[in-house]
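Enquirer: Just one file: start.cif, with mmCIF, C-alpha atoms and all ligand atoms.
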data_query
loop_
_atom_site.group_PDB
_atom_site.id
_atom_site.type_symbol
_atom_site.label_atom_id
_atom_site.label_comp_id
_atom_site.auth_asym_id
_atom_site.auth_seq_id
_atom_site.Cartn_x
_atom_site.Cartn_y
_atom_site.Cartn_z
ATOM 1 C CA MET A 1 14.677 17.487 1.174
ATOM 2 C CA MET A 2 12.407 15.419 -1.013
ATOM 3 C CA GLY A 3 10.847 17.169 -4.006
ATOM 4 C CA ARG A 4 7.257 16.829 -2.898
ATOM 5 C CA THR A 5 6.794 16.516 0.813
ATOM 6 C CA ILE A 6 4.616 17.578 3.719
ATOM 7 C CA PHE A 7 5.188 21.050 5.128
ATOM 8 C CA ILE A 8 3.826 21.461 8.643
ATOM 9 C CA ASP A 9 2.670 24.996 9.368
ATOM 10 C CA PRO A 10 1.719 24.985 13.086
ATOM 11 C CA GLY A 11 0.627 28.625 13.021
ATOM 12 C CA ARG A 12 -2.295 27.603 10.803
ATOM 13 C CA CYS A 13 -3.445 24.597 12.871
ATOM 14 C CA ILE A 14 -6.832 25.138 14.524
ATOM 15 C CA GLY A 15 -6.900 21.762 16.297
ATOM 16 C CA CYS A 16 -9.976 20.570 14.359
ATOM 17 C CA GLN A 17 -8.738 16.930 14.192
ATOM 18 C CA ALA A 18 -9.767 16.555 10.518
ATOM 19 C CA CYS A 19 -6.302 15.152 9.743
ATOM 20 C CA VAL A 20 -6.603 12.626 12.563
ATOM 21 C CA SER A 21 -10.031 11.503 11.350
ATOM 22 C CA ALA A 22 -8.891 11.210 7.741
ATOM 23 C CA CYS A 23 -5.843 9.187 8.724
ATOM 24 C CA ARG A 24 -7.977 6.900 10.858
ATOM 25 C CA GLU A 25 -10.126 6.037 7.846
ATOM 26 C CA CYS A 26 -7.238 4.885 5.695
ATOM 27 C CA ASP A 27 -7.632 1.320 4.400
ATOM 28 C CA SER A 28 -4.222 0.095 5.533
ATOM 29 C CA HIS A 29 -4.712 0.948 9.225
ATOM 30 C CA ARG A 30 -8.448 1.225 9.677
ATOM 31 C CA GLY A 31 -9.550 2.751 12.950
ATOM 32 C CA LYS A 32 -6.095 3.954 14.012
ATOM 33 C CA SER A 33 -4.636 7.339 13.257
ATOM 34 C CA MET A 34 -0.949 7.604 12.439
ATOM 35 C CA ILE A 35 -1.030 11.346 12.973
ATOM 36 C CA HIS A 36 -1.590 12.934 16.338
ATOM 37 C CA LEU A 37 -2.276 16.429 17.540
ATOM 38 C CA ASP A 38 -0.216 17.838 20.356
ATOM 39 C CA TYR A 39 -1.566 20.683 22.457
ATOM 40 C CA THR A 40 1.670 22.399 23.289
ATOM 41 C CA ASP A 41 0.555 24.608 26.178
ATOM 42 C CA GLU A 42 -2.675 23.016 27.369
ATOM 43 C CA GLY A 43 -4.719 25.098 29.764
ATOM 44 C CA GLN A 44 -2.833 28.251 28.797
ATOM 45 C CA SER A 45 -3.356 28.350 25.058
ATOM 46 C CA VAL A 46 -5.357 26.668 22.287
ATOM 47 C CA ALA A 47 -2.177 26.167 20.240
ATOM 48 C CA SER A 48 -2.034 22.759 18.561
ATOM 49 C CA LEU A 49 0.546 21.009 16.446
ATOM 50 C CA PRO A 50 -0.034 18.113 14.039
ATOM 51 C CA THR A 51 2.672 15.476 14.333
ATOM 52 C CA VAL A 52 3.519 13.258 11.395
ATOM 53 C CA CYS A 53 6.656 11.211 10.803
ATOM 54 C CA MET A 54 9.468 13.580 9.810
ATOM 55 C CA HIS A 55 11.083 10.898 7.594
ATOM 56 C CA CYS A 56 14.577 11.486 8.966
ATOM 57 C CA GLU A 57 17.248 11.584 6.269
ATOM 58 C CA ASP A 58 20.480 12.249 8.163
ATOM 59 C CA PRO A 59 21.022 10.306 10.285
ATOM 60 C CA VAL A 60 18.772 8.012 8.307
ATOM 61 C CA ALA A 61 15.695 7.038 10.323
ATOM 62 C CA PRO A 62 16.949 6.465 13.910
ATOM 63 C CA CYS A 63 13.806 4.316 14.417
ATOM 64 C CA ALA A 64 14.905 1.891 11.695
ATOM 65 C CA GLU A 65 18.515 1.924 12.910
ATOM 66 C CA VAL A 66 17.581 0.570 16.341
ATOM 67 C CA CYS A 67 14.922 -1.929 15.272
ATOM 68 C CA PRO A 68 16.150 -5.408 16.243
ATOM 69 C CA ALA A 69 13.661 -7.082 13.900
ATOM 70 C CA ASP A 70 14.478 -5.098 10.757
ATOM 71 C CA ALA A 71 10.823 -4.210 10.617
ATOM 72 C CA ILE A 72 11.146 -0.612 9.371
ATOM 73 C CA LEU A 73 11.945 -0.229 5.698
ATOM 74 C CA VAL A 74 13.379 2.997 4.305
ATOM 75 C CA THR A 75 12.467 3.160 0.622
ATOM 76 C CA ALA A 76 14.881 4.352 -2.061
ATOM 77 C CA ASP A 77 12.971 7.636 -2.238
ATOM 78 C CA GLY A 78 13.545 8.266 1.475
ATOM 79 C CA VAL A 79 10.140 7.361 2.885
ATOM 80 C CA VAL A 80 10.361 5.603 6.252
ATOM 81 C CA GLN A 81 7.656 2.953 6.298
ATOM 82 C CA GLN A 82 5.578 1.911 9.263
ATOM 83 C CA ALA A 83 6.634 -1.376 10.865
ATOM 84 C CA ASP A 84 6.115 -4.525 8.853
ATOM 85 C CA THR A 85 3.369 -6.337 10.762
ATOM 86 C CA THR A 86 4.994 -9.707 10.138
ATOM 87 C CA ARG A 87 8.296 -8.653 11.725
ATOM 88 C CA CYS A 88 7.531 -6.110 14.465
ATOM 89 C CA ILE A 89 7.709 -7.507 18.015
ATOM 90 C CA GLY A 90 6.430 -4.348 19.701
ATOM 91 C CA CYS A 91 9.622 -3.793 21.700
ATOM 92 C CA ALA A 92 9.299 0.021 21.475
ATOM 93 C CA ASN A 93 12.981 0.610 20.659
ATOM 94 C CA CYS A 94 11.810 2.819 17.788
ATOM 95 C CA VAL A 95 9.664 4.866 20.167
ATOM 96 C CA ASN A 96 12.684 5.635 22.318
ATOM 97 C CA ALA A 97 14.961 6.363 19.362
ATOM 98 C CA CYS A 98 12.668 8.826 17.588
ATOM 99 C CA PRO A 99 13.593 12.419 18.465
ATOM 100 C CA PHE A 100 10.180 13.696 17.360
ATOM 101 C CA GLY A 101 7.954 11.399 19.450
ATOM 102 C CA VAL A 102 6.306 9.830 16.409
ATOM 103 C CA PRO A 103 5.915 6.021 16.699
ATOM 104 C CA LYS A 104 3.310 4.614 19.063
ATOM 105 C CA ILE A 105 2.891 1.015 20.182
ATOM 106 C CA ASP A 106 -0.412 -0.847 20.009
ATOM 107 C CA LEU A 107 0.151 -2.829 23.203
ATOM 108 C CA GLU A 108 -2.541 -5.387 22.430
ATOM 109 C CA ALA A 109 -1.252 -6.101 18.930
ATOM 110 C CA LYS A 110 2.410 -5.691 20.044
ATOM 111 C CA LEU A 111 2.866 -3.571 16.965
ATOM 112 C CA GLN A 112 4.392 -0.214 16.151
ATOM 113 C CA LEU A 113 2.189 2.319 14.388
ATOM 114 C CA LYS A 114 3.486 5.351 12.559
ATOM 115 C CA CYS A 115 2.856 7.600 9.564
ATOM 116 C CA ASN A 116 4.336 6.333 6.306
ATOM 117 C CA LEU A 117 3.553 9.478 4.297
ATOM 118 C CA CYS A 118 0.520 7.661 2.805
ATOM 119 C CA TYR A 119 2.926 5.778 0.590
ATOM 120 C CA ASP A 120 0.045 4.062 -1.173
ATOM 121 C CA ARG A 121 -1.020 7.527 -2.360
ATOM 122 C CA THR A 122 2.192 9.565 -2.594
ATOM 123 C CA ALA A 123 3.928 6.860 -4.659
ATOM 124 C CA TYR A 124 1.279 7.629 -7.298
ATOM 125 C CA GLY A 125 1.537 11.414 -7.014
ATOM 126 C CA LEU A 126 -1.474 11.878 -4.721
ATOM 127 C CA ALA A 127 -1.290 13.996 -1.568
ATOM 128 C CA PRO A 128 -1.462 12.232 1.818
ATOM 129 C CA MET A 129 -4.966 12.036 3.298
ATOM 130 C CA CYS A 130 -4.176 14.499 6.106
ATOM 131 C CA ALA A 131 -3.039 17.200 3.678
ATOM 132 C CA THR A 132 -6.104 16.759 1.456
ATOM 133 C CA VAL A 133 -8.552 17.417 4.327
ATOM 134 C CA CYS A 134 -6.711 20.080 6.344
ATOM 135 C CA PRO A 135 -8.991 23.134 6.040
ATOM 136 C CA THR A 136 -6.331 25.713 6.867
ATOM 137 C CA GLY A 137 -3.313 24.367 5.008
ATOM 138 C CA ALA A 138 -1.463 23.602 8.230
ATOM 139 C CA LEU A 139 -0.485 20.403 6.416
ATOM 140 C CA PHE A 140 0.633 21.313 2.904
ATOM 141 C CA TYR A 141 1.806 18.726 0.397
ATOM 142 C CA GLY A 142 3.919 19.869 -2.539
ATOM 143 C CA THR A 143 7.304 21.338 -3.331
ATOM 144 C CA VAL A 144 8.868 24.238 -1.453
ATOM 145 C CA GLU A 145 8.387 26.353 -4.594
ATOM 146 C CA GLU A 146 4.647 25.555 -4.636
ATOM 147 C CA LEU A 147 4.396 26.419 -0.946
ATOM 148 C CA GLN A 148 6.219 29.713 -1.351
ATOM 149 C CA ALA A 149 4.195 30.651 -4.445
ATOM 150 C CA GLU A 150 1.026 30.226 -2.389
ATOM 151 C CA ARG A 151 2.459 31.823 0.762
ATOM 152 C CA PRO A 152 4.996 34.468 -0.232
ATOM 153 C CA GLY A 153 7.820 35.020 2.234
ATOM 154 C CA VAL A 154 7.439 31.838 4.293
ATOM 155 C CA GLN A 155 10.607 30.144 5.461
ATOM 156 C CA VAL A 156 10.970 26.403 5.895
ATOM 157 C CA ALA A 157 13.310 24.306 7.988
ATOM 158 C CA ASP A 158 14.365 20.700 7.581
ATOM 159 C CA THR A 159 17.240 20.588 10.082
ATOM 160 C CA PHE A 160 16.685 20.267 13.817
ATOM 161 C CA VAL A 161 19.158 20.111 16.660
ATOM 162 C CA PHE A 162 18.819 17.897 19.728
ATOM 163 C CA GLY A 163 21.704 18.522 22.104
ATOM 164 C CA SER A 164 24.803 17.954 19.987
ATOM 165 C CA THR A 165 22.975 15.982 17.293
ATOM 166 C CA GLU A 166 21.595 17.508 14.117
ATOM 167 C CA VAL A 167 18.794 15.721 12.313
ATOM 168 C CA ARG A 168 17.874 16.532 8.699
ATOM 169 C CA THR A 169 14.391 15.474 7.722
ATOM 170 C CA GLY A 170 12.347 14.760 4.604
ATOM 171 C CA VAL A 171 9.285 16.523 6.012
ATOM 172 C CA ALA A 172 9.767 20.228 6.740
ATOM 173 C CA MET A 173 8.359 22.827 9.118
ATOM 174 C CA VAL A 174 7.187 26.291 8.188
ATOM 175 C CA VAL A 175 9.017 28.745 10.431
ATOM 176 C CA PRO A 176 7.896 32.346 11.031
ATOM 177 C CA ALA A 177 10.162 34.607 8.957
ATOM 178 C CA ASP A 178 11.105 36.742 11.966
ATOM 179 C CA LYS A 179 11.981 33.709 14.092
ATOM 180 C CA VAL A 180 14.227 31.841 11.694
ATOM 181 C CA GLN A 181 17.012 30.021 13.485
ATOM 182 C CA TRP A 182 19.136 27.434 11.811
ATOM 183 C CA PRO A 183 19.073 24.658 12.770
ATOM 184 C CA VAL A 184 15.732 24.716 14.588
ATOM 185 C CA PRO A 185 15.998 23.616 18.246
ATOM 186 C CA GLY A 186 14.127 20.304 18.566
ATOM 187 C CA GLY A 187 12.078 19.433 21.626
ATOM 188 C CA LEU A 188 11.553 21.619 24.645
ATOM 189 C CA PRO A 189 14.427 22.686 26.907
ATOM 190 C CA VAL A 190 14.506 20.873 30.235
ATOM 191 C CA VAL A 191 14.065 23.554 32.868
ATOM 192 C CA GLU A 192 12.872 21.580 35.882
ATOM 193 C CA ILE A 193 13.571 18.128 37.273
ATOM 194 C CA ASN A 194 11.741 16.978 40.420
ATOM 195 C CA GLY A 195 10.705 20.556 41.092
ATOM 196 C CA LYS A 196 14.299 21.883 40.882
ATOM 197 C CA ASP A 197 15.277 24.517 38.349
ATOM 198 C CA VAL A 198 18.180 22.927 36.438
ATOM 199 C CA ARG A 199 18.957 25.899 34.211
ATOM 200 C CA ARG A 200 21.618 27.235 36.570
HETATM 201 S S1 LIG B 1 8.554 -1.995 18.164
HETATM 202 FE FE1 LIG B 1 8.657 -3.123 16.209
HETATM 203 S S2 LIG B 1 9.378 -1.613 14.744
HETATM 204 FE FE2 LIG B 1 9.784 -0.758 16.777
HETATM 205 S S3 LIG B 1 11.917 -1.389 17.205
HETATM 206 FE FE3 LIG B 1 10.589 -2.941 18.098
HETATM 207 S S4 LIG B 1 10.403 -4.500 16.517
HETATM 208 FE FE4 LIG B 1 11.189 -2.662 15.505
HETATM 209 S S1 LIG B 2 10.625 11.091 12.811
HETATM 210 FE FE1 LIG B 2 10.860 9.330 14.186
HETATM 211 S S2 LIG B 2 9.598 7.734 13.266
HETATM 212 FE FE2 LIG B 2 9.952 9.289 11.659
HETATM 213 S S3 LIG B 2 11.815 8.599 10.559
HETATM 214 FE FE3 LIG B 2 12.490 9.986 12.188
HETATM 215 S S4 LIG B 2 12.978 8.581 13.879
HETATM 216 FE FE4 LIG B 2 11.685 7.440 12.476
#
Translate this structure into structure tokens?
Expert:
Amino acid sequence: MMGRTIFIDPGRCIGCQACVSACRECDSHRGKSMIHLDYTDEGQSVASLPTVCMHCEDPVAPCAEVCPADAILVTADGVVQQADTTRCIGCANCVNACPFGVPKIDLEAKLQLKCNLCYDRTAYGLAPMCATVCPTGALFYGTVEELQAERPGVQVADTFVFGSTEVRTGVAMVVPADKVQWPVPGGLPVVEINGKDVRR
């Protein structure tokens, strides 16, 4: 895990969209947010989850691996950059490769859009915009020691399992202490296909 990184604490998210608004105002991608809020159980619950790029470390950035245009740069410090506008052809291979559902395609511009950890800020020691405006600390930027000093007893996870594949990430999730599983199951289990229960 990177020294300073984003810790996502879904239990604190109140769905206020401040992170989305702050990201939208960033100079490098004006008007578009690179962070999105997922409502995990819409209609049943108000639970919400902010989604930023997880900056996959192992395997290194599946999005960059599959890009036919070499448009996604992984920096030496492990930050996976958004697509280079001069190279991206909008083919969406990265969208399909990402296990966390992060990159989006601007169909008009034929361009991939994704969070790059506010590299223009974090490279200079500043927190990403989303973390600076989050009123509840659902997006925390710092080291794991700083997080745990502020929130005694919290556990964090940076390894997720999708089927038989484990993915270690640069961004980490805060996991309730009584629900710690290692690695954390990624995605939702498929329970129904075309109305048929496929669990049995
Ligand atoms: S959409 Fe752009 S960044 Fe994504 S794989 Fe295609 S060329 Fe690469
Ligand atoms: S979370 Fe998705 S977009 Fe981010 S580095 Fe991993 S594969 Fe790429």
Enquirer: 8 Å from ligand LIG 2 (chain B) is the threshold here; counting only C-alpha atoms and all ligand atoms, which polymer residues fall inside it? Answer as a list in words.
Expert: Val52, Cys53, Met54, His55, Cys56, Glu57, Val60, Ala61, Pro62, Cys63, Ala64, Val79, Val80, Cys94, Val95, Ala97, Cys98, Pro99, Phe100, Gly101, Val102, Pro103, Lys114, Cys115 and Thr169 of chain A
Enquirer: What does the structure give for the distance between atom CA of A:Cys13 and atom CA of A:Ala138, in Å to one decimal?
Expert: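 Distance reported for this atom pair: 5.1 Å.
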Enquirer: Evaluate the PyMOL selection byres (((chain A and resi 140) around 6) and not hetatm) on the structure here and hand back the selected residues as a ChimeraX atom specification.
Expert: /A:6-7,131,137,139,141
Enquirer: What does the file look like for those residues with C-alpha atoms, as a PDB file, in the coordinates of the input?
Expert:
ATOM      1  CA  ILE A   6       4.616  17.578   3.719  1.00  0.00           C
ATOM      2  CA  PHE A   7       5.188  21.050   5.128  1.00  0.00           C
ATOM      3  CA  ALA A 131      -3.039  17.200   3.678  1.00  0.00           C
ATOM      4  CA  GLY A 137      -3.313  24.367   5.008  1.00  0.00           C
ATOM      5  CA  LEU A 139      -0.485  20.403   6.416  1.00  0.00           C
ATOM      6  CA  TYR A 141       1.806  18.726   0.397  1.00  0.00           C
TER       7      TYR A 141
END
Enquirer: Could you tell me, as a ChimeraX atom specification, exactly which residues end up selected when the PyMOL selection byres (((chain A and resi 22-26) around 12) and not hetatm) is applied to this structure?
Expert: /A:16-21,27-37,50-52,113-121,128-134
Enquirer: Once you have the residues from the selection above, write them out as a PDB file, in the frame of the given file, restricted to C-alpha atoms.
Expert:
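Saved as again_1.pdb:
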ATOM      1  CA  CYS A  16      -9.976  20.570  14.359  1.00  0.00           C
ATOM      2  CA  GLN A  17      -8.738  16.930  14.192  1.00  0.00           C
ATOM      3  CA  ALA A  18      -9.767  16.555  10.518  1.00  0.00           C
ATOM      4  CA  CYS A  19      -6.302  15.152   9.743  1.00  0.00           C
ATOM      5  CA  VAL A  20      -6.603  12.626  12.563  1.00  0.00           C
ATOM      6  CA  SER A  21     -10.031  11.503  11.350  1.00  0.00           C
ATOM      7  CA  ASP A  27      -7.632   1.320   4.400  1.00  0.00           C
ATOM      8  CA  SER A  28      -4.222   0.095   5.533  1.00  0.00           C
ATOM      9  CA  HIS A  29      -4.712   0.948   9.225  1.00  0.00           C
ATOM     10  CA  ARG A  30      -8.448   1.225   9.677  1.00  0.00           C
ATOM     11  CA  GLY A  31      -9.550   2.751  12.950  1.00  0.00           C
ATOM     12  CA  LYS A  32      -6.095   3.954  14.012  1.00  0.00           C
ATOM     13  CA  SER A  33      -4.636   7.339  13.257  1.00  0.00           C
ATOM     14  CA  MET A  34      -0.949   7.604  12.439  1.00  0.00           C
ATOM     15  CA  ILE A  35      -1.030  11.346  12.973  1.00  0.00           C
ATOM     16  CA  HIS A  36      -1.590  12.934  16.338  1.00  0.00           C
ATOM     17  CA  LEU A  37      -2.276  16.429  17.540  1.00  0.00           C
ATOM     18  CA  PRO A  50      -0.034  18.113  14.039  1.00  0.00           C
ATOM     19  CA  THR A  51       2.672  15.476  14.333  1.00  0.00           C
ATOM     20  CA  VAL A  52       3.519  13.258  11.395  1.00  0.00           C
ATOM     21  CA  LEU A 113       2.189   2.319  14.388  1.00  0.00           C
ATOM     22  CA  LYS A 114       3.486   5.351  12.559  1.00  0.00           C
ATOM     23  CA  CYS A 115       2.856   7.600   9.564  1.00  0.00           C
ATOM     24  CA  ASN A 116       4.336   6.333   6.306  1.00  0.00           C
ATOM     25  CA  LEU A 117       3.553   9.478   4.297  1.00  0.00           C
ATOM     26  CA  CYS A 118       0.520   7.661   2.805  1.00  0.00           C
ATOM     27  CA  TYR A 119       2.926   5.778   0.590  1.00  0.00           C
ATOM     28  CA  ASP A 120       0.045   4.062  -1.173  1.00  0.00           C
ATOM     29  CA  ARG A 121      -1.020   7.527  -2.360  1.00  0.00           C
ATOM     30  CA  PRO A 128      -1.462  12.232   1.818  1.00  0.00           C
ATOM     31  CA  MET A 129      -4.966  12.036   3.298  1.00  0.00           C
ATOM     32  CA  CYS A 130      -4.176  14.499   6.106  1.00  0.00           C
ATOM     33  CA  ALA A 131      -3.039  17.200   3.678  1.00  0.00           C
ATOM     34  CA  THR A 132      -6.104  16.759   1.456  1.00  0.00           C
ATOM     35  CA  VAL A 133      -8.552  17.417   4.327  1.00  0.00           C
ATOM     36  CA  CYS A 134      -6.711  20.080   6.344  1.00  0.00           C
TER      37      CYS A 134
END
Enquirer: Dump as a list in words all residues having an atom at most 12 Å from (5.6, 23.6, -4.3), computed in the file's coordinates with all atoms listed in the file.
Expert: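 Neighbouring residues, ordered by chain and number, come to Met2, Gly3, Arg4, Thr5, Ile6, Phe7, Phe140, Tyr141, Gly142, Thr143, Val144, Glu145, Glu146, Leu147, Gln148, Ala149, Glu150, Arg151, Pro152 and Val156 of chain A.
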Enquirer: What does the distance between atom CA of A:Ile14 and atom CA of A:Val171 come to in Å, to one decimal place?
Expert: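 A separation of 20.2 Å between them.
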Enquirer: Can I get the residues close to ligand LIG 1 (chain B) as number ranges by chain, where close means within 9 Å and we count all atoms listed in the file?
Expert: A: 63-72, 82-85, 87-97, 103-105, 110-113
Enquirer: Store the residues picked out above, limited to C-alpha atoms, as a PDB file, keeping the file's coordinate frame.
Expert:
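Result file is result.pdb:
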ATOM      1  CA  CYS A  63      13.806   4.316  14.417  1.00  0.00           C
ATOM      2  CA  ALA A  64      14.905   1.891  11.695  1.00  0.00           C
ATOM      3  CA  GLU A  65      18.515   1.924  12.910  1.00  0.00           C
ATOM      4  CA  VAL A  66      17.581   0.570  16.341  1.00  0.00           C
ATOM      5  CA  CYS A  67      14.922  -1.929  15.272  1.00  0.00           C
ATOM      6  CA  PRO A  68      16.150  -5.408  16.243  1.00  0.00           C
ATOM      7  CA  ALA A  69      13.661  -7.082  13.900  1.00  0.00           C
ATOM      8  CA  ASP A  70      14.478  -5.098  10.757  1.00  0.00           C
ATOM      9  CA  ALA A  71      10.823  -4.210  10.617  1.00  0.00           C
ATOM     10  CA  ILE A  72      11.146  -0.612   9.371  1.00  0.00           C
ATOM     11  CA  GLN A  82       5.578   1.911   9.263  1.00  0.00           C
ATOM     12  CA  ALA A  83       6.634  -1.376  10.865  1.00  0.00           C
ATOM     13  CA  ASP A  84       6.115  -4.525   8.853  1.00  0.00           C
ATOM     14  CA  THR A  85       3.369  -6.337  10.762  1.00  0.00           C
ATOM     15  CA  ARG A  87       8.296  -8.653  11.725  1.00  0.00           C
ATOM     16  CA  CYS A  88       7.531  -6.110  14.465  1.00  0.00           C
ATOM     17  CA  ILE A  89       7.709  -7.507  18.015  1.00  0.00           C
ATOM     18  CA  GLY A  90       6.430  -4.348  19.701  1.00  0.00           C
ATOM     19  CA  CYS A  91       9.622  -3.793  21.700  1.00  0.00           C
ATOM     20  CA  ALA A  92       9.299   0.021  21.475  1.00  0.00           C
ATOM     21  CA  ASN A  93      12.981   0.610  20.659  1.00  0.00           C
ATOM     22  CA  CYS A  94      11.810   2.819  17.788  1.00  0.00           C
ATOM     23  CA  VAL A  95       9.664   4.866  20.167  1.00  0.00           C
ATOM     24  CA  ASN A  96      12.684   5.635  22.318  1.00  0.00           C
ATOM     25  CA  ALA A  97      14.961   6.363  19.362  1.00  0.00           C
ATOM     26  CA  PRO A 103       5.915   6.021  16.699  1.00  0.00           C
ATOM     27  CA  LYS A 104       3.310   4.614  19.063  1.00  0.00           C
ATOM     28  CA  ILE A 105       2.891   1.015  20.182  1.00  0.00           C
ATOM     29  CA  LYS A 110       2.410  -5.691  20.044  1.00  0.00           C
ATOM     30  CA  LEU A 111       2.866  -3.571  16.965  1.00  0.00           C
ATOM     31  CA  GLN A 112       4.392  -0.214  16.151  1.00  0.00           C
ATOM     32  CA  LEU A 113       2.189   2.319  14.388  1.00  0.00           C
TER      33      LEU A 113
END
Enquirer: I would like the residues chosen by the PyMOL selection byres (((chain A and resi 166) around 10) and not hetatm) on the shown file; could you give them as JSON, numbers by chain?
Expert: {"A": [58, 59, 159, 160, 161, 162, 163, 164, 165, 167, 168, 169, 183, 184, 185, 186]}
Enquirer: What does the distance from atom CA of A:Ala109 to atom CA of A:Val74 come to in Å, to one decimal?
Expert: 22.6 Å
Enquirer: Missing atoms in stretch 90-107 of chain A: fill them in up to N, CA and C atoms and send the result as a PDB file, keeping the file's coordinate frame.
Expert:
ATOM      1  N   GLY A  90       6.995  -5.313  18.748  1.00  0.00           N
ATOM      2  CA  GLY A  90       6.430  -4.348  19.701  1.00  0.00           C
ATOM      3  C   GLY A  90       7.346  -3.990  20.846  1.00  0.00           C
ATOM      4  N   CYS A  91       8.665  -4.024  20.609  1.00  0.00           N
ATOM      5  CA  CYS A  91       9.622  -3.793  21.700  1.00  0.00           C
ATOM      6  C   CYS A  91       9.754  -2.313  22.081  1.00  0.00           C
ATOM      7  N   ALA A  92       9.293  -1.430  21.222  1.00  0.00           N
ATOM      8  CA  ALA A  92       9.299   0.021  21.475  1.00  0.00           C
ATOM      9  C   ALA A  92      10.685   0.673  21.375  1.00  0.00           C
ATOM     10  N   ASN A  93      11.678  -0.036  20.868  1.00  0.00           N
ATOM     11  CA  ASN A  93      12.981   0.610  20.659  1.00  0.00           C
ATOM     12  C   ASN A  93      12.838   1.830  19.757  1.00  0.00           C
ATOM     13  N   CYS A  94      11.997   1.710  18.738  1.00  0.00           N
ATOM     14  CA  CYS A  94      11.810   2.819  17.788  1.00  0.00           C
ATOM     15  C   CYS A  94      11.196   4.029  18.474  1.00  0.00           C
ATOM     16  N   VAL A  95      10.311   3.773  19.430  1.00  0.00           N
ATOM     17  CA  VAL A  95       9.664   4.866  20.167  1.00  0.00           C
ATOM     18  C   VAL A  95      10.732   5.659  20.902  1.00  0.00           C
ATOM     19  N   ASN A  96      11.643   4.961  21.539  1.00  0.00           N
ATOM     20  CA  ASN A  96      12.684   5.635  22.318  1.00  0.00           C
ATOM     21  C   ASN A  96      13.716   6.318  21.432  1.00  0.00           C
ATOM     22  N   ALA A  97      13.931   5.791  20.236  1.00  0.00           N
ATOM     23  CA  ALA A  97      14.961   6.363  19.362  1.00  0.00           C
ATOM     24  C   ALA A  97      14.483   7.596  18.614  1.00  0.00           C
ATOM     25  N   CYS A  98      13.189   7.740  18.425  1.00  0.00           N
ATOM     26  CA  CYS A  98      12.668   8.826  17.588  1.00  0.00           C
ATOM     27  C   CYS A  98      12.748  10.163  18.321  1.00  0.00           C
ATOM     28  N   PRO A  99      13.475  11.134  17.769  1.00  0.00           N
ATOM     29  CA  PRO A  99      13.593  12.419  18.465  1.00  0.00           C
ATOM     30  C   PRO A  99      12.324  13.259  18.394  1.00  0.00           C
ATOM     31  N   PHE A 100      11.385  12.886  17.530  1.00  0.00           N
ATOM     32  CA  PHE A 100      10.180  13.696  17.360  1.00  0.00           C
ATOM     33  C   PHE A 100       8.941  13.102  18.028  1.00  0.00           C
ATOM     34  N   GLY A 101       9.092  11.985  18.734  1.00  0.00           N
ATOM     35  CA  GLY A 101       7.954  11.399  19.450  1.00  0.00           C
ATOM     36  C   GLY A 101       6.882  10.861  18.521  1.00  0.00           C
ATOM     37  N   VAL A 102       7.284  10.245  17.422  1.00  0.00           N
ATOM     38  CA  VAL A 102       6.306   9.830  16.409  1.00  0.00           C
ATOM     39  C   VAL A 102       5.719   8.423  16.616  1.00  0.00           C
ATOM     40  N   PRO A 103       6.538   7.360  16.670  1.00  0.00           N
ATOM     41  CA  PRO A 103       5.915   6.021  16.699  1.00  0.00           C
ATOM     42  C   PRO A 103       5.162   5.768  17.998  1.00  0.00           C
ATOM     43  N   LYS A 104       4.076   5.055  17.897  1.00  0.00           N
ATOM     44  CA  LYS A 104       3.310   4.614  19.063  1.00  0.00           C
ATOM     45  C   LYS A 104       3.256   3.094  19.006  1.00  0.00           C
ATOM     46  N   ILE A 105       3.005   2.473  20.158  1.00  0.00           N
ATOM     47  CA  ILE A 105       2.891   1.015  20.182  1.00  0.00           C
ATOM     48  C   ILE A 105       1.449   0.640  20.499  1.00  0.00           C
ATOM     49  N   ASP A 106       0.882  -0.236  19.690  1.00  0.00           N
ATOM     50  CA  ASP A 106      -0.412  -0.847  20.009  1.00  0.00           C
ATOM     51  C   ASP A 106      -0.065  -2.028  20.919  1.00  0.00           C
ATOM     52  N   LEU A 107      -0.311  -1.832  22.227  1.00  0.00           N
ATOM     53  CA  LEU A 107       0.151  -2.829  23.203  1.00  0.00           C
ATOM     54  C   LEU A 107      -0.531  -4.177  22.998  1.00  0.00           C
TER      55      LEU A 107
END
